[in-house]
$ cat protein_17.txt   # compact mmCIF, C-alpha atoms
# COMPACT_ATOMS: atom_id res chain seq x y z
CA MET A 1 -29.10 -44.82 -39.27
CA ASP A 2 -30.10 -42.43 -42.07
CA PHE A 3 -27.90 -41.68 -45.04
CA ILE A 4 -25.01 -43.72 -43.71
CA LEU A 5 -23.73 -44.20 -47.23
CA ASP A 6 -23.40 -40.46 -47.72
CA ARG A 7 -21.22 -39.96 -44.70
CA VAL A 8 -17.44 -40.01 -44.51
CA VAL A 9 -16.22 -43.00 -42.56
CA CYS A 10 -13.27 -42.64 -40.17
CA ARG A 11 -11.60 -45.10 -37.86
CA HIS A 12 -12.21 -44.29 -34.20
CA GLY A 13 -8.68 -43.62 -32.94
CA GLN A 14 -5.87 -46.14 -32.78
CA LEU A 15 -7.13 -49.57 -33.80
CA PRO A 16 -4.49 -52.28 -34.22
CA CYS A 17 -5.62 -55.01 -36.59
CA ARG A 18 -4.44 -58.12 -38.41
CA LEU A 19 -5.73 -60.45 -41.08
CA VAL A 20 -5.28 -63.96 -39.71
CA ALA A 21 -6.33 -67.07 -41.61
CA ASN A 22 -8.94 -65.20 -43.68
CA GLU A 23 -10.43 -63.34 -40.76
CA GLY A 24 -9.61 -59.91 -39.45
CA ILE A 25 -9.17 -59.02 -35.80
CA ILE A 26 -9.63 -55.37 -34.86
CA VAL A 27 -8.62 -54.22 -31.40
CA SER A 28 -10.06 -51.15 -29.73
CA THR A 29 -7.30 -49.85 -27.48
CA GLU A 30 -9.80 -47.44 -25.99
CA ARG A 31 -12.37 -50.07 -25.01
CA GLY A 32 -10.03 -53.03 -24.57
CA GLN A 33 -12.06 -55.20 -26.91
CA ALA A 34 -11.35 -57.30 -29.96
CA THR A 35 -13.75 -57.65 -32.87
CA VAL A 36 -13.49 -60.38 -35.49
CA VAL A 37 -14.62 -59.70 -39.06
CA ASN A 38 -14.59 -61.89 -42.15
CA GLU A 39 -12.32 -61.38 -45.14
CA VAL A 40 -14.74 -59.01 -46.88
CA GLY A 41 -15.21 -57.07 -43.67
CA TYR A 42 -11.47 -56.78 -43.30
CA ALA A 43 -11.12 -55.52 -46.88
CA LEU A 44 -13.73 -52.87 -46.10
CA TRP A 45 -11.90 -52.01 -42.90
CA SER A 46 -8.66 -51.53 -44.81
CA TRP A 47 -10.40 -49.10 -47.20
CA ILE A 48 -11.64 -46.85 -44.40
CA ASP A 49 -9.22 -43.95 -44.61
CA GLY A 50 -11.13 -40.99 -43.21
CA LYS A 51 -11.82 -39.64 -46.71
CA ARG A 52 -14.09 -42.20 -48.34
CA THR A 53 -17.84 -42.12 -47.88
CA GLY A 54 -20.01 -45.19 -47.38
CA ARG A 55 -20.94 -44.90 -51.07
CA ASP A 56 -17.25 -45.01 -52.05
CA LEU A 57 -16.90 -48.17 -50.00
CA LEU A 58 -19.99 -49.66 -51.67
CA ARG A 59 -18.54 -49.02 -55.11
CA MET A 60 -15.23 -50.64 -54.14
CA LEU A 61 -17.05 -53.58 -52.60
CA CYS A 62 -19.03 -54.23 -55.78
CA GLU A 63 -15.92 -53.92 -57.93
CA GLN A 64 -13.64 -56.09 -55.83
CA PHE A 65 -16.07 -58.83 -54.89
CA ALA A 66 -18.40 -58.78 -57.92
CA VAL A 67 -21.55 -58.64 -55.79
CA ASN A 68 -25.04 -57.39 -56.53
CA ASP A 69 -25.37 -53.71 -55.69
CA ALA A 70 -28.62 -53.98 -53.68
CA ILE A 71 -27.41 -56.88 -51.54
CA ALA A 72 -24.03 -55.27 -51.03
CA GLN A 73 -25.71 -52.05 -49.93
CA ASP A 74 -27.76 -53.80 -47.22
CA ASP A 75 -24.73 -55.72 -45.99
CA LEU A 76 -22.53 -52.65 -45.99
CA GLU A 77 -25.07 -50.56 -44.09
CA ASN A 78 -25.41 -53.28 -41.46
CA PHE A 79 -21.67 -53.65 -41.23
CA LEU A 80 -21.05 -49.94 -40.77
CA GLU A 81 -23.81 -49.71 -38.18
CA GLN A 82 -22.19 -52.53 -36.23
CA LEU A 83 -18.78 -50.89 -36.38
CA HIS A 84 -20.34 -47.61 -35.28
CA LYS A 85 -22.09 -49.27 -32.31
CA LEU A 86 -18.78 -50.83 -31.31
CA LYS A 87 -17.18 -47.38 -31.53
CA LEU A 88 -14.72 -48.60 -34.13
CA ILE A 89 -15.72 -45.89 -36.62
CA LYS A 90 -16.94 -42.34 -36.63
CA LEU A 91 -19.28 -40.96 -39.30
CA PHE A 92 -19.12 -37.39 -40.54
CA MET B 1 -15.49 -60.60 -28.36
CA SER B 2 -13.58 -60.72 -25.09
CA GLY B 3 -12.38 -63.04 -22.33
CA SER B 4 -12.62 -66.79 -22.75
CA SER B 5 -14.49 -66.73 -26.07
CA LEU B 6 -11.65 -64.71 -27.57
CA GLN B 7 -9.11 -67.16 -26.11
CA ARG B 8 -10.94 -70.13 -27.65
CA TYR B 9 -11.10 -68.32 -30.97
CA LEU B 10 -7.41 -67.48 -30.89
CA SER B 11 -6.49 -71.04 -29.89
CA SER B 12 -8.16 -72.32 -33.02
CA LYS B 13 -6.00 -70.14 -35.25
CA LYS B 14 -2.57 -71.62 -34.49
CA GLU B 15 -1.01 -68.30 -35.36
CA PRO B 16 1.42 -66.38 -33.12
CA LEU B 17 -1.13 -63.72 -32.25
CA LEU B 18 0.46 -62.91 -28.90
CA VAL B 19 4.21 -62.52 -28.48
CA PHE B 20 5.99 -61.63 -25.26
CA LEU B 21 9.17 -59.82 -26.11
CA GLU B 22 11.58 -59.82 -23.19
CA LEU B 23 13.52 -56.63 -23.81
CA THR B 24 15.97 -57.25 -20.98
CA HIS B 25 16.34 -59.45 -17.93
CA ARG B 26 17.94 -56.60 -16.01
CA CYS B 27 15.78 -55.10 -13.32
CA SER B 28 15.78 -52.20 -10.91
CA PHE B 29 14.16 -54.44 -8.27
CA LEU B 30 15.45 -57.69 -6.83
CA CYS B 31 12.13 -59.29 -5.95
CA VAL B 32 12.43 -62.33 -3.74
CA HIS B 33 9.97 -64.39 -5.76
CA CYS B 34 11.01 -63.47 -9.33
CA TYR B 35 11.25 -66.33 -11.82
CA ILE B 36 14.30 -64.77 -13.47
CA PRO B 37 17.61 -65.88 -11.91
CA GLU B 38 19.18 -63.15 -9.80
CA GLU B 39 22.45 -62.99 -11.73
CA LEU B 40 20.51 -62.05 -14.88
CA ARG B 41 18.60 -59.29 -13.12
CA ARG B 42 21.57 -57.46 -11.63
CA PRO B 43 22.55 -54.63 -14.00
CA SER B 44 26.20 -54.65 -13.05
CA THR B 45 26.85 -58.24 -13.96
CA SER B 46 24.46 -58.99 -16.79
CA VAL B 47 26.13 -56.65 -19.25
CA ASP B 48 29.49 -58.31 -18.92
CA ARG B 49 28.71 -61.89 -18.18
CA PHE B 50 25.85 -62.77 -20.46
CA PRO B 51 25.24 -62.87 -24.20
CA LYS B 52 24.54 -59.52 -25.79
CA GLY B 53 20.88 -58.68 -26.13
CA LEU B 54 19.14 -57.85 -29.39
CA SER B 55 20.04 -54.39 -30.65
CA THR B 56 17.48 -51.75 -31.59
CA ALA B 57 17.94 -52.65 -35.26
CA GLU B 58 17.52 -56.36 -34.55
CA ILE B 59 14.35 -55.74 -32.57
CA THR B 60 12.95 -53.48 -35.28
CA ALA B 61 13.61 -56.19 -37.85
CA LEU B 62 11.96 -58.73 -35.57
CA LEU B 63 8.89 -56.50 -35.21
CA GLU B 64 8.54 -56.41 -38.98
CA GLU B 65 8.79 -60.21 -39.07
CA LEU B 66 6.20 -60.59 -36.32
CA ALA B 67 3.79 -58.24 -38.12
CA ALA B 68 4.17 -60.34 -41.27
CA ALA B 69 3.66 -63.53 -39.22
CA GLY B 70 0.28 -62.22 -37.99
CA THR B 71 1.19 -61.20 -34.45
CA LEU B 72 -1.32 -58.68 -33.15
CA PHE B 73 -0.82 -58.48 -29.39
CA LEU B 74 2.72 -57.58 -28.40
CA VAL B 75 3.81 -57.48 -24.78
CA PHE B 76 7.07 -55.79 -23.88
CA THR B 77 8.28 -57.43 -20.73
CA GLY B 78 11.46 -57.91 -18.74
CA GLY B 79 13.23 -57.69 -16.36
CA GLU B 80 12.34 -54.04 -16.32
CA ILE B 81 11.66 -52.69 -19.79
CA PHE B 82 12.31 -49.06 -18.84
CA LEU B 83 15.99 -49.90 -18.39
CA ARG B 84 16.27 -50.08 -22.17
CA PRO B 85 17.10 -46.61 -23.48
CA ASP B 86 15.49 -47.43 -26.83
CA LEU B 87 12.10 -48.41 -25.34
CA GLU B 88 10.29 -45.41 -26.81
CA GLU B 89 11.79 -45.92 -30.26
CA ILE B 90 10.90 -49.64 -30.24
CA THR B 91 7.38 -48.92 -29.02
CA ALA B 92 6.78 -46.24 -31.62
CA ARG B 93 7.80 -48.64 -34.39
CA ALA B 94 5.60 -51.39 -32.94
CA VAL B 95 2.56 -49.10 -32.85
CA GLU B 96 3.35 -47.97 -36.39
CA LEU B 97 3.36 -51.62 -37.48
CA GLY B 98 -0.16 -52.03 -36.10
CA PHE B 99 0.45 -54.06 -32.93
CA ALA B 100 -1.71 -53.75 -29.85
CA VAL B 101 1.16 -53.04 -27.46
CA LYS B 102 1.19 -53.69 -23.76
CA TYR B 103 3.91 -52.97 -21.20
CA TYR B 104 4.68 -55.23 -18.24
CA THR B 105 6.61 -53.05 -15.80
CA ASN B 106 7.34 -52.49 -12.14
CA GLY B 107 6.31 -48.85 -12.70
CA PHE B 108 9.33 -47.49 -10.87
CA HIS B 109 10.65 -45.48 -13.81
CA ILE B 110 7.37 -43.93 -15.02
CA THR B 111 7.64 -40.18 -14.61
CA PRO B 112 5.02 -37.62 -15.72
CA ARG B 113 7.07 -37.19 -18.90
CA TRP B 114 7.04 -40.92 -19.57
CA ALA B 115 3.31 -41.02 -18.85
CA ASP B 116 2.83 -38.34 -21.51
CA ARG B 117 4.81 -40.42 -23.99
CA ILE B 118 2.89 -43.58 -23.14
CA LYS B 119 -0.39 -41.75 -23.74
CA ALA B 120 0.88 -40.34 -27.02
CA LEU B 121 2.15 -43.73 -28.19
CA GLY B 122 -1.36 -45.20 -27.78
CA LEU B 123 -0.57 -48.38 -25.84
CA TYR B 124 -3.27 -50.98 -25.34
CA ALA B 125 -2.50 -51.15 -21.61
CA VAL B 126 0.20 -50.92 -18.97
CA ASP B 127 0.40 -53.79 -16.49
CA ILE B 128 2.07 -52.68 -13.28
CA SER B 129 3.17 -55.12 -10.63
CA LEU B 130 2.27 -53.64 -7.25
CA TYR B 131 4.01 -55.62 -4.54
CA GLY B 132 2.57 -54.07 -1.41
CA ALA B 133 0.59 -51.23 0.13
CA SER B 134 3.38 -49.75 2.26
CA GLU B 135 7.08 -48.94 1.94
CA GLU B 136 7.83 -51.67 4.45
CA THR B 137 6.15 -54.42 2.47
CA TYR B 138 7.62 -53.08 -0.73
CA ARG B 139 11.10 -53.27 0.63
CA ALA B 140 10.52 -56.81 1.92
CA VAL B 141 9.52 -57.97 -1.57
CA THR B 142 11.65 -55.85 -3.90
CA GLN B 143 14.72 -55.37 -1.65
CA ILE B 144 14.95 -51.70 -2.58
CA ARG B 145 14.00 -48.50 -0.75
CA GLY B 146 11.41 -45.97 -1.84
CA GLY B 147 9.65 -48.16 -4.36
CA PHE B 148 6.08 -47.92 -3.11
CA LYS B 149 5.66 -44.17 -3.34
CA ARG B 150 7.23 -43.98 -6.77
CA VAL B 151 5.09 -46.77 -8.18
CA LEU B 152 1.95 -45.28 -6.66
CA ASN B 153 2.83 -41.97 -8.31
CA ALA B 154 3.33 -43.76 -11.63
CA ILE B 155 -0.14 -45.29 -11.43
CA GLU B 156 -1.58 -41.85 -10.73
CA TYR B 157 0.30 -40.25 -13.65
CA LEU B 158 -1.18 -42.86 -15.98
CA ARG B 159 -4.67 -42.51 -14.51
CA GLN B 160 -4.57 -38.76 -15.05
CA ARG B 161 -3.89 -39.44 -18.73
CA ASP B 162 -6.59 -42.12 -19.14
CA VAL B 163 -4.09 -44.87 -19.87
CA ARG B 164 -5.55 -48.33 -19.15
CA VAL B 165 -3.69 -49.73 -16.14
CA ILE B 166 -3.87 -53.26 -14.82
CA ILE B 167 -2.42 -53.77 -11.37
CA LYS B 168 -1.10 -57.25 -10.72
CA THR B 169 0.16 -58.68 -7.48
CA PRO B 170 1.82 -61.99 -6.79
CA VAL B 171 0.62 -63.09 -3.36
CA LEU B 172 3.53 -63.84 -1.03
CA ARG B 173 4.03 -64.36 2.66
CA GLU B 174 5.54 -60.91 2.70
CA ASN B 175 2.54 -59.07 1.21
CA VAL B 176 -0.55 -61.24 1.74
CA GLN B 177 -1.81 -58.91 4.49
CA ASP B 178 -1.68 -55.97 2.04
CA ILE B 179 -3.77 -57.51 -0.75
CA PRO B 180 -7.16 -55.96 0.25
CA LYS B 181 -5.47 -52.58 0.51
CA ILE B 182 -3.81 -53.04 -2.89
CA LYS B 183 -7.22 -53.79 -4.34
CA GLU B 184 -8.52 -50.55 -2.85
CA ILE B 185 -5.58 -48.67 -4.37
CA ALA B 186 -6.38 -50.19 -7.76
CA GLN B 187 -10.06 -49.29 -7.48
CA SER B 188 -9.33 -45.75 -6.37
CA HIS B 189 -7.15 -45.32 -9.48
CA GLY B 190 -9.73 -46.84 -11.83
CA ALA B 191 -7.40 -49.75 -12.56
CA MET B 192 -8.20 -53.42 -12.95
CA PHE B 193 -6.72 -55.63 -10.25
CA ARG B 194 -5.54 -59.23 -10.38
CA TYR B 195 -3.70 -61.26 -7.82
CA ASP B 196 -1.93 -64.54 -8.35
CA LEU B 197 -1.53 -67.18 -5.67
CA VAL B 198 0.77 -69.45 -7.67
CA ILE B 199 4.47 -68.67 -7.32
CA ILE B 200 6.81 -70.52 -9.68
CA PRO B 201 10.48 -71.56 -9.47
CA ARG B 202 13.19 -69.60 -11.26
CA PHE B 203 13.74 -70.75 -14.81
CA ASN B 204 17.19 -72.10 -13.98
CA GLY B 205 15.50 -74.59 -11.65
CA ASP B 206 16.17 -72.61 -8.45
CA LEU B 207 13.31 -73.36 -6.06
CA GLY B 208 14.11 -70.31 -3.90
CA PRO B 209 10.89 -68.41 -4.77
CA LEU B 210 8.74 -71.25 -3.45
CA VAL B 211 9.56 -70.47 0.18
CA HIS B 212 7.62 -67.23 -0.31
CA ARG B 213 4.39 -69.04 -1.15
CA CYS B 214 1.61 -68.47 1.37
CA GLU B 215 0.55 -71.10 3.87
CA ASP B 216 -2.94 -72.57 3.53
CA ASP B 217 -4.28 -70.50 6.42
CA GLN B 218 -2.93 -67.29 4.95
CA ILE B 219 -4.74 -68.00 1.68
CA LYS B 220 -7.98 -68.76 3.54
CA GLU B 221 -7.71 -65.51 5.46
CA LEU B 222 -7.05 -63.67 2.24
CA LEU B 223 -10.10 -65.17 0.53
CA GLU B 224 -12.19 -64.12 3.50
CA ALA B 225 -10.75 -60.61 3.59
CA MET B 226 -11.37 -60.24 -0.14
CA GLY B 227 -14.94 -61.49 0.23
CA ALA B 228 -14.13 -64.05 -2.44
CA ARG B 229 -17.11 -65.76 -3.97
CA PHE B 230 -16.86 -68.70 -6.31
CA GLU B 231 -20.15 -69.04 -8.08
CA PRO B 232 -20.97 -72.43 -9.60
CA LYS B 233 -20.62 -72.26 -13.36
CA GLU B 234 -22.99 -73.89 -15.80
CA GLU B 235 -20.28 -75.08 -18.14
CA VAL B 236 -16.72 -75.39 -16.99
CA SER B 237 -13.82 -76.70 -18.98
CA THR B 238 -10.08 -76.52 -18.51
CA PRO B 239 -8.79 -73.02 -19.08
CA THR B 240 -7.17 -72.78 -22.49
CA CYS B 241 -3.53 -71.78 -22.33
CA ALA B 242 -1.99 -69.89 -25.20
CA VAL B 243 1.30 -71.76 -25.09
CA GLY B 244 2.34 -73.04 -28.49
CA ARG B 245 -1.08 -72.35 -29.96
CA TRP B 246 -1.22 -68.60 -30.25
CA SER B 247 1.60 -67.34 -28.11
CA ALA B 248 5.38 -67.42 -27.82
CA VAL B 249 8.20 -65.66 -25.99
CA VAL B 250 11.35 -64.09 -27.40
CA SER B 251 14.20 -63.60 -24.91
CA PRO B 252 16.54 -60.58 -24.79
CA GLU B 253 19.08 -62.62 -26.78
CA GLY B 254 16.57 -63.69 -29.43
CA GLU B 255 15.86 -67.20 -28.16
CA VAL B 256 12.28 -68.28 -28.83
CA PHE B 257 10.44 -70.18 -26.10
CA PRO B 258 6.91 -71.61 -26.01
CA CYS B 259 6.23 -69.56 -22.86
CA ILE B 260 8.01 -67.78 -20.03
CA GLU B 261 8.14 -70.98 -17.97
CA MET B 262 9.05 -73.40 -20.76
CA ARG B 263 12.64 -72.29 -21.32
CA GLN B 264 13.62 -74.93 -23.83
CA SER B 265 14.74 -72.83 -26.79
CA ILE B 266 13.04 -73.73 -30.04
CA GLY B 267 15.22 -71.44 -32.14
CA ASN B 268 16.88 -68.04 -32.28
CA VAL B 269 15.63 -65.15 -34.37
CA ARG B 270 19.24 -64.22 -35.15
CA LYS B 271 19.60 -67.49 -37.03
CA GLN B 272 16.11 -68.25 -38.36
CA SER B 273 12.99 -66.31 -39.14
CA PHE B 274 10.37 -66.29 -36.41
CA SER B 275 7.77 -67.74 -38.80
CA VAL B 276 9.92 -70.76 -39.59
CA ILE B 277 10.55 -71.38 -35.90
CA TRP B 278 6.85 -71.03 -35.09
CA LYS B 279 5.59 -73.30 -37.87
CA ASP B 280 8.28 -75.93 -38.20
CA ASN B 281 9.69 -76.58 -34.78
CA PRO B 282 8.80 -80.15 -33.74
CA HIS B 283 8.67 -79.24 -30.05
CA MET B 284 6.04 -76.57 -30.71
CA ARG B 285 4.06 -78.94 -32.89
CA ARG B 286 4.14 -81.55 -30.11
CA ILE B 287 2.88 -79.02 -27.53
CA ARG B 288 -0.01 -78.13 -29.84
CA GLN B 289 -0.90 -81.80 -30.37
CA ILE B 290 -0.87 -82.56 -26.65
CA LEU B 291 -2.92 -79.53 -25.63
CA ASP B 292 -5.38 -79.89 -28.50
CA SER B 293 -6.05 -83.50 -27.62
CA MET B 294 -6.29 -82.96 -23.87
CA ASP B 295 -9.44 -83.90 -22.03
CA THR B 296 -10.91 -80.54 -21.17
CA LYS B 297 -13.65 -82.06 -19.03
CA GLN B 298 -11.38 -83.62 -16.41
CA SER B 299 -13.21 -83.87 -13.11
CA VAL B 300 -10.50 -81.93 -11.28
CA PHE B 301 -11.40 -78.87 -13.34
CA SER B 302 -15.17 -79.41 -13.35
CA ASP B 303 -16.02 -76.98 -10.55
CA GLY B 304 -13.93 -74.17 -12.00
CA MET B 305 -11.68 -73.87 -8.92
CA CYS B 306 -8.49 -75.34 -10.30
CA GLY B 307 -6.26 -73.29 -12.54
CA HIS B 308 -4.08 -74.90 -15.16
CA CYS B 309 -0.63 -74.00 -16.38
CA PRO B 310 0.80 -76.56 -18.82
CA ALA B 311 4.38 -75.47 -18.10
CA ASN B 312 3.94 -75.66 -14.36
CA SER B 313 2.35 -79.09 -14.73
CA LEU B 314 5.12 -80.28 -17.02
CA HIS B 315 7.80 -79.25 -14.52
CA SER B 316 6.04 -80.58 -11.45
CA VAL B 317 4.29 -83.78 -12.61
CA GLY B 318 5.79 -84.36 -16.06
CA ASP B 319 2.43 -84.07 -17.85
CA MET B 320 1.21 -80.74 -19.18
CA THR B 321 -2.40 -81.89 -19.35
CA LYS B 322 -2.73 -82.52 -15.61
CA PRO B 323 -3.07 -79.91 -12.88
CA SER B 324 0.06 -79.09 -10.89
CA PRO B 325 0.17 -79.85 -7.16
CA GLU B 326 0.30 -76.13 -6.40
CA HIS B 327 -2.79 -75.39 -8.49
CA MET B 328 -4.55 -78.30 -6.77
CA ARG B 329 -3.50 -77.02 -3.34
CA VAL B 330 -4.93 -73.58 -4.07
CA ALA B 331 -8.07 -75.13 -5.56
CA ASN B 332 -8.60 -77.25 -2.44
CA ILE B 333 -8.22 -74.21 -0.21
CA LYS B 334 -10.84 -72.41 -2.30
CA ARG B 335 -13.17 -75.42 -2.03
CA GLU B 336 -12.75 -75.56 1.76
CA PHE B 337 -13.34 -71.84 1.99
CA LEU B 338 -16.46 -72.11 -0.13
CA ALA B 339 -17.81 -74.99 1.96
CA VAL B 340 -17.36 -72.95 5.16
CA ALA B 341 -18.80 -69.81 3.59
CA ARG B 342 -21.95 -71.73 2.66

$ encode --input "protein_17.txt" --output "structure tokens"
Amino acid sequence: MDFILDRVVCRHGQLPCRLVANEGIIVSTERGQATVVNEVGYALWSWIDGKRTGRDLLRMLCEQFAVNDAIAQDDLENFLEQLHKLKLIKLF
Amino acid sequence: MSGSSLQRYLSSKKEPLLVFLELTHRCSFLCVHCYIPEELRRPSTSVDRFPKGLSTAEITALLEELAAAGTLFLVFTGGEIFLRPDLEEITARAVELGFAVKYYTNGFHITPRWADRIKALGLYAVDISLYGASEETYRAVTQIRGGFKRVLNAIEYLRQRDVRVIIKTPVLRENVQDIPKIKEIAQSHGAMFRYDLVIIPRFNGDLGPLVHRCEDDQIKELLEAMGARFEPKEEVSTPTCAVGRWSAVVSPEGEVFPCIEMRQSIGNVRKQSFSVIWKDNPHMRRIRQILDSMDTKQSVFSDGMCGHCPANSLHSVGDMTKPSPEHMRVANIKREFLAVAR
């Protein structure tokens, strides 16, 4: 997916979620499915507010978890693509 | 992640991810098979004769506690939840707190206006018990008039609004002949359909509901009519029950139970926090130990025919790791049916 980092990331409707024992569970009420993400994934999920772009999320990820920018970028792009495929996020 | 893999994952967490909140035991129906004692279901008597249920404020406080405890899936059940005038307020707060909320209801009270509200609230799903495919059957099961048409309308109102509906039917002598038709109704409304052959006693020990269980031949005929197929599975293990491991029940009066069938109170949310009850109660810890250490490859479960309900087993054979006689009876009927079908 091109330029994913330049797009605004929004949650796809009502998505109940909880952090449980260092893993996040996100429920799609629309699709009736639960998705499990790790602690970093859950932190990213919590930052998705419909205003931040992928690049904003990347910056926060690097700051909060002290990770290398290039690695973080690959991981973040993959993560957002997955969420998009699962219809958990919309990209604008 | 869905189905059994999600259940295994949740079982490993030992967190109260699923809580059934019984908002009331009162009901607008008086179903012959219901596991709730009749005196608790009758609106006229329950108000006066039984302990006062949790208030709106108490439930709201409990929801906040449950959210903090990690509960994600919240089922509002009864009795009939629509008899609570504060249902919408409670639901709105639950959704606001980030729960995936489901209703268990008889559907009788769902009007177009309620269907609009349900859609707007953003529920995960609405489970409707559909007891028959005609007014006659409905009356035989629920002991009230005019139920079938109203419930059918409710299902349609929800379908029109794209609300996920799951239709569930307990299979009884009174409605077994209607099950294929109920399935058709579910399919025509885009709803999932489940039927349950195991009828349980009332939680006060009354065995009255058991006389409504189907005979062996009735179950065989049903399996045939439904075109049931039981495909051999490559890897079968005992179904994992949520009891004590990732699920609990809170009664209308705030009593906490391991499940709807295990009615030994392990605490009351009016006296203790839910988290303390969940983590520290020795009875809950014992249930977890027993179920975690159970042999999930028991031969009785190996062909995938036999269901398992730890509470049912505990009450009937005194051992929650073994299958109950009723589950074994149903499993044997399925096996016979399969042998003939082959």

$ interface_residues --input "protein_17.txt" --of "chain B" --to "chain A" --cutoff "9 Å" --atoms "all atoms listed in the file" --output "list in words"
Met1, Ser2, Leu6, Lys13, Glu15, Leu17, Ala67, Ala69, Gly70, Thr71, Leu72, Phe73, Val95, Leu97, Gly98, Phe99, Ala100, Val101, Gly122, Leu123, Tyr124, Ala125, Val163 and Arg164 of chain B

$ write_last_selection --input "protein_17.txt" --atoms "C-alpha atoms" --output "mmCIF file, keeping the file's coordinate frame"
data_model
loop_
_atom_site.group_PDB
_atom_site.id
_atom_site.type_symbol
_atom_site.label_atom_id
_atom_site.label_comp_id
_atom_site.auth_asym_id
_atom_site.auth_seq_id
_atom_site.Cartn_x
_atom_site.Cartn_y
_atom_site.Cartn_z
ATOM 1 C CA MET B 1 -15.490 -60.600 -28.360
ATOM 2 C CA SER B 2 -13.580 -60.720 -25.090
ATOM 3 C CA LEU B 6 -11.650 -64.710 -27.570
ATOM 4 C CA LYS B 13 -6.000 -70.140 -35.250
ATOM 5 C CA GLU B 15 -1.010 -68.300 -35.360
ATOM 6 C CA LEU B 17 -1.130 -63.720 -32.250
ATOM 7 C CA ALA B 67 3.790 -58.240 -38.120
ATOM 8 C CA ALA B 69 3.660 -63.530 -39.220
ATOM 9 C CA GLY B 70 0.280 -62.220 -37.990
ATOM 10 C CA THR B 71 1.190 -61.200 -34.450
ATOM 11 C CA LEU B 72 -1.320 -58.680 -33.150
ATOM 12 C CA PHE B 73 -0.820 -58.480 -29.390
ATOM 13 C CA VAL B 95 2.560 -49.100 -32.850
ATOM 14 C CA LEU B 97 3.360 -51.620 -37.480
ATOM 15 C CA GLY B 98 -0.160 -52.030 -36.100
ATOM 16 C CA PHE B 99 0.450 -54.060 -32.930
ATOM 17 C CA ALA B 100 -1.710 -53.750 -29.850
ATOM 18 C CA VAL B 101 1.160 -53.040 -27.460
ATOM 19 C CA GLY B 122 -1.360 -45.200 -27.780
ATOM 20 C CA LEU B 123 -0.570 -48.380 -25.840
ATOM 21 C CA TYR B 124 -3.270 -50.980 -25.340
ATOM 22 C CA ALA B 125 -2.500 -51.150 -21.610
ATOM 23 C CA VAL B 163 -4.090 -44.870 -19.870
ATOM 24 C CA ARG B 164 -5.550 -48.330 -19.150
#

$ closest_residue --input "protein_17.txt" --among "B:Tyr131, B:Tyr195, B:Phe148, B:Phe76" --to "B:Glu174" --atoms "only C-alpha atoms"
B:Tyr131

$ axis_aligned_box --input "protein_17.txt" --around "stretch 270-276 of chain B" --padding-each-side "8 Å" --output "AutoDock Vina command-line options"
--center_x 13.7 --center_y -67.5 --center_z -37.4 --size_x 27.8 --size_y 22.5 --size_z 20.4

$ closest_residue --input "protein_17.txt" --among "A:Arg52, A:His12, A:Arg7, A:Arg59" --to "A:Leu86" --atoms "all atoms listed in the file"
A:His12

$ residues_around --input "protein_17.txt" --residues "stretch 60-74 of chain A" --least-positions-apart "3" --cutoff "9 Å" --atoms "all atoms listed in the file" --output "number ranges by chain"
A: 5, 40, 43-44, 47, 55-57, 77-79

$ atom_distance --input "protein_17.txt" --atom1 "atom CA of B:Ser28" --atom2 "atom CA of B:Arg202"
17.6 Å

$ residues_around --input "protein_17.txt" --residues "A:Asp49" --least-positions-apart "5" --cutoff "10 Å" --atoms "all atoms listed in the file" --output "PDB file with C-alpha atoms, keeping the file's coordinate frame"
ATOM      1  CA  VAL A   8     -17.440 -40.010 -44.510  1.00  0.00           C
ATOM      2  CA  VAL A   9     -16.220 -43.000 -42.560  1.00  0.00           C
ATOM      3  CA  CYS A  10     -13.270 -42.640 -40.170  1.00  0.00           C
ATOM      4  CA  ARG A  11     -11.600 -45.100 -37.860  1.00  0.00           C
TER       5      ARG A  11
END

$ closest_residue --input "protein_17.txt" --among "B:Thr60, B:Thr137, B:Ser324, B:Thr111" --to "B:Phe82" --atoms "all atoms listed in the file"
B:Thr111

$ atom_distance --input "protein_17.txt" --atom1 "atom CA of B:Asp196" --atom2 "atom CA of B:Leu172"
9.2 Å

$ closest_residue --input "protein_17.txt" --among "B:Lys102, B:Met226, B:Leu30, B:Thr77" --to "B:Arg145" --atoms "all atoms listed in the file"
B:Leu30

$ closest_residue --input "protein_17.txt" --among "B:Ala94, B:Ala115, B:Val126, B:Cys259" --to "B:Gln160" --atoms "only C-alpha atoms"
B:Ala115

$ residues_around --input "protein_17.txt" --residues "B:Pro37" --least-positions-apart "2" --cutoff "7 Å" --atoms "all atoms listed in the file" --output "list in words"
Tyr35, Glu39, Leu40, Arg41, Arg202, Phe203 and Asn204 of chain B

$ atom_distance --input "protein_17.txt" --atom1 "atom CA of B:Val19" --atom2 "atom CA of B:Ala331"
28.9 Å
